[in-house]
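Here the structure comes first, spelled out in structure tokens, and everything after it is commentary.
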Amino acid sequence: MSPIPYEPQIEISHLGFAFSADKTHLLKEINLALRAGDRLGILGPSGSGKSTLLKLVSGLLIPSQGEIRVDGELIKRQGLKQSRSFSQKMAMSFQKGGLLDAYNAWENIDFALAELTDFSESERKERSFHFLKQVGLSGSENKRLKELSGGMLKRLSLARVFALSPSILLLDDPTAGLDPVTADEIVSIIEEYAENRSVILIFASGDLAVSFRLANRLGFLWNGFLTYEQSVYDFKKCDNPAIQQFIRGGLSGPLTEPVYART
Amino acid sequence: MLELKSITKKFANKVVLNSVNLRLQRSQILFVLGRSGVGKSVLLKTIVGLIPQDRGEVWINGEKTDPLNEEKMVTVRQKCGLVFQMPALLDSLTLQENLEFGLEGNQKSGLRKYLDWVQLSEGVLSRYPSEVSFGTQKKVSVVRTLLREPQFILFDEPTTGLDPVSREVTNQMIRNVVKESETGCVVVSHDIQSAIELANSIMLLDEGRVVFEGTPEAFRNSDQGLIRSFCKGMVVLDA
Amino acid sequence: MPDLKELMGSIGNWFLFSKRVIGLFFREGISRKVLIQQMYQVGVRSMVTTCVAGIFVGAILAIQINLQLKDFGAQSFLGGLSTSTTIRNLGPVLIAFLLSGRVGAFSSAELGTMAITDQLNAIRCLGLNPLAVIIMPRLVALTISSFLLLVLGLGLTVFGGIIISSIYLNVNPLQFVSHIPQFVSGSSIFIGVLKSFLFGLIIGTISCFVGYKTTGGAEEVGRSVRRTAVVTLVSIIVIDFLVSFVVESVTQLIMS
């Protein structure tokens with residue numbers, strides 16, 4: 001079932017989030033409008049809330065204030081039960097894991113398809129194998145997760161996302177822990193997928209090279225605010241001291257190292 | 001001097017290290033690069049005898065190591081420290097206790113100096129590992145090794161998982177270590193940027209073999225396919 | 001089911017491991033501070049559970065024995081027989097079962113986690129021997145704590161017997177206690193204490209051995225915990241049988 005051809009839209013207004021009522025807001029005031037073809041890379045120091053922001057868009061977390069609308073539909077506040085059509089629009093890959101140990105490679109994709117789509121059993125299997133091939137995992141379909149290397153696990157996460165043919169892709173650090181060559185291959189796979197499709201891609205990354213290559217818009221998340229530049233070029237040139245410090249690395253600037261664990 | 005001669009290691013049917021040769025003098029920094037899973041960590045563990053090699057020899061200061069003799073390896077490890085990628089601190093002890101673990105009294109004197117090198121304040125030391133950030137834990141694990149004042153230090157991906165700010169602190173620390181204590185450092189890393197900035201020499205491993213060994217300039221200018229792929233990972237700021 | 005060769009191999013490895021660690025204890029000793037620290041972690045926290053278990057074990061066995069004695073009209077001997085049986089056999093076994101779950105499994109999980117997160121390797125890289133600085137204190141503390149807890153538990157079984165007898169079985173506490181010296185001979189106490197020591201040793205060595213040998217990921221730690229529990233329980237039963245058998249046989253020999 002391919003999605004009805006349409007142009008996805010995301011609108012985030014005055015979004016704020018705190019893990020519990022008495023804690024300071026991790027995200028203070030985020031405003032964002034995205035449409036098909038946007039590839040937003042969210043950069044920022046660790047602990048700034050990149051993963052949290054993705055989870056909010058996906059509906060895994062509920063905003064403390066403000067609202068998120070996907071195609072005009074407000075993400076409901078009552079917990080994780082979204083309309084099925086909503087869940088079918090987006091797919092998310094996680095920084096660590098997110099895959100099920102109990103299943104092998106193709107079964108991981110099959111599981112997601114069974115939950116979220118109406119394909120028949122044979123269609124699902126065919127689809128699983130197809131997307132494993134797309135990401136370069138032919139021959140590994142029956143492997144168990146512990147037989148797969150870090151790079152292969154990332155590819156599998158992507159295959160699962162792609163197989164759901166979402167209009168909105170949320171990728172949490174898709175190249176975390178990978179060497180530059182493997183990371184490059186992953187980026188190519190993502191680019192290829194997004195190429196001829198009307199999709200919105202939002203990804204969080206700690207890797208500048210990956211972000212510069214994959215994104216056509218970049219945002220810097222820090223202190224609860226998203227500084228949002230319209231292009232990679234503008235981002236590199238902007239005069240925000242935190243962003244400049246982040247890009248160049250180094251100690252001179254407003255960014256400090258996190259000392260304590262994030263509670 | 002730290003020297004590896006034809007180190008070979010096989011796991012199941014896969015050759016992870018294939019006749020690797022390496023030479024490191026004190027006060028020198030060697031970066032070992034390569035794709036993930038290629039055996040870089042295994043190389044470090046082989047040097048300190050955690051994973052005995054199948055063939056080949058490790059020489060430290062003119063003495064050959066005997067990885068099967070745990071007692072002898074204890075002395076080797078006092079001369080050559082290994083800092084793991086994951087901090088590997090003892091969860092049940094405070095950071096202070098972790099640092100002092102197994103130390104004689106007179107060795108504790110360098111603590112202040114080393115804490116400065118990694119930009120860590122003494123106040124944090126009363127906490128437990130689970131209460132501090134990953135970056136802080138990594139710093140403590142480095143200081144833990146520094147306190148033993150080894151002649152060589154092996155770093156397993158010291159900047160992976162760190163913010164750009166922390167990465168710079170780590171690089172500065174490595175510079176200090178080499179300059180002040182004349183320690184020889186082997187750094188296994190993905191971080192091309194840091195490699196180019198810090199290394200006296202760079203070694204590239206592929207499929208267990210050394211496919212490049214030379215200066216950072218030579219690395220940057222090389223036209224080997226694999227090296228070009230690696231260098232793509234460097235951020236170009238002026239484009 | 002593990003095959004016999006593998007089983008013998010594991011037993012051999014366990015034996016060598018235990019010999020090495022215990023050897024380290026005798027050669028290098030242990031600082032009192034470290035020992036007390038470890039014993040607190042392991043033992044003190046299990047005291048309440050052990051006391052409760054001891055009381056209940058004593059109560060259960062008293063009820064059981066009472067059932068048999070009633071038929072013979074020999075209830076006055078309840079105290080002596082119940083205490084004797086409890087201390088010689090079921091008491092040590094049941095309380096050791098409890099401890100292997102609470103104390104043994106915990107230590108095995110802790111050491112297993114340390115093994116897989118390279119903490120033990122990191123200690124090696126500092127030029128220290130993890131067997132001496134991490135394993136040995138834990139093993140010694142586990143053994144001593146388990147032993148003391150077992151003895152404590154056994155002592156409390158008597159109270160359990162007294163309480164249940166007076167409340168439920170209509171046996172006067174004084175009467176309960178009066179026949180104890182008659183039935184609970186020196187050899188009974190000796191067996192109880194000996195078993196407590198051996199079980200303590202089993203709990204200590206097996207949990208440390210299995211934990212230390214863990215490799216892999218979180219799944220393996222879980223497997224190690226399960227293995228510790230099962231192997232400890234089986235070993236306790238086997239040793240219980242052997243000790244009882246040997247002591248009875250020797251006693252028979254001496255008597256005849």
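Chain labels run A, B, ... following the order of the structure tokens; each chain numbers its residues from 1, and ligands are numbered from 1 in the order shown.
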Checklist entry - Please, which residues of chain B lie no more than 8 Å from chain C when the count uses only C-alpha atoms, and can they be set out as a PyMOL selection string? => result chain B and resi 48+50+73-78+81-84+86+88-90+102+145+148
Item to check | strand (DSSP E) per DSSP on the backbone: members of region 162-232 of chain A, as a ChimeraX atom specification | outcome: /A:168-172,200-204,217-222,225-229
Item to check | Close residues, Tyr212 (chain C) itself excluded, 12 Å, only C-alpha atoms, min 4 positions apart in chain, as a ChimeraX atom specification | outcome: /C:13-14,17-18,21,107-121,130-131,134-136,138-139,205-208,216,220-221,224-225,228
Would you export the selected residues with C-alpha atoms as a short mmCIF file (atom, residue, chain, number, x, y, z; two decimals), in the first residue's frame, please?
```cif
data_model
loop_
_atom_site.label_atom_id
_atom_site.label_comp_id
_atom_site.auth_asym_id
_atom_site.auth_seq_id
_atom_site.Cartn_x
_atom_site.Cartn_y
_atom_site.Cartn_z
CA ASN C 13 37.73 -25.01 36.19
CA TRP C 14 35.66 -24.11 39.21
CA PHE C 17 39.49 -20.99 40.28
CA SER C 18 38.51 -21.52 43.89
CA VAL C 21 41.37 -17.27 44.87
CA SER C 107 27.03 -11.30 43.51
CA SER C 108 27.05 -13.29 40.33
CA ALA C 109 25.11 -10.54 38.57
CA GLU C 110 27.42 -7.88 39.93
CA LEU C 111 30.59 -9.68 38.86
CA GLY C 112 29.07 -10.68 35.55
CA THR C 113 28.26 -7.05 34.78
CA MET C 114 31.75 -6.01 35.76
CA ALA C 115 33.17 -8.66 33.45
CA ILE C 116 31.18 -7.66 30.40
CA THR C 117 31.66 -3.91 30.81
CA ASP C 118 35.43 -4.29 30.83
CA GLN C 119 35.71 -3.14 34.45
CA LEU C 120 37.79 -6.20 35.28
CA ASN C 121 39.90 -5.63 32.19
CA PRO C 130 41.28 -8.46 39.55
CA LEU C 131 41.24 -11.85 41.21
CA ILE C 134 37.89 -7.64 43.39
CA ILE C 135 37.06 -11.34 43.39
CA MET C 136 38.86 -12.51 46.49
CA ARG C 138 33.88 -10.78 47.57
CA LEU C 139 34.39 -14.51 47.73
CA THR C 205 32.83 -19.90 45.10
CA ILE C 206 30.11 -20.72 42.61
CA SER C 207 28.62 -17.25 42.39
CA CYS C 208 32.04 -15.67 41.99
CA GLY C 216 29.02 -11.24 26.10
CA GLU C 220 24.62 -13.52 29.31
CA VAL C 221 24.54 -11.88 32.72
CA SER C 224 24.91 -16.47 34.60
CA VAL C 225 22.52 -15.59 37.39
CA THR C 228 24.50 -19.71 39.66
#
```
Next on the checklist: Using only C-alpha atoms and a distance of at most 9 Å, pull out the residues of chain A that contact chain B, as a count of residues only.
Outcome noted: 40
Next on the checklist: If I take CA of Glu7 (chain A) and CA of Ile200 (chain A), how far is one from the other in Å, to one decimal?
Outcome noted: 9.0 Å
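For chain A, the residues no farther than 12 Å from chain C when using only C-alpha atoms are Asp101, Ala102 and Lys146 of chain A.
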Closest pair table for region 117-216 of chain B residues within 12 Å of region 4-12 of chain B, only C-alpha atoms, as JSON lines:
```
{"residue": "B:Glu207", "atom": "CA", "partner": "B:Lys10", "partner_atom": "CA", "distance": 11.5}
{"residue": "B:Gly208", "atom": "CA", "partner": "B:Thr8", "partner_atom": "CA", "distance": 8.4}
{"residue": "B:Arg209", "atom": "CA", "partner": "B:Thr8", "partner_atom": "CA", "distance": 9.5}
{"residue": "B:Val210", "atom": "CA", "partner": "B:Ser6", "partner_atom": "CA", "distance": 10.6}
```
Export, as a compact mmCIF listing (two decimals), in the first residue's frame, the selected residues with N, CA and C atoms.
```txt
# COMPACT_ATOMS: atom_id res chain seq x y z
N GLU B 207 41.16 -4.65 6.61
CA GLU B 207 41.17 -6.10 6.58
C GLU B 207 42.37 -6.66 7.34
N GLY B 208 42.73 -6.02 8.42
CA GLY B 208 43.81 -6.54 9.26
C GLY B 208 45.20 -6.16 8.80
N ARG B 209 45.31 -5.55 7.65
CA ARG B 209 46.66 -5.19 7.17
C ARG B 209 46.90 -3.69 7.29
N VAL B 210 48.15 -3.35 7.40
CA VAL B 210 48.51 -1.94 7.41
C VAL B 210 48.58 -1.49 5.94
```
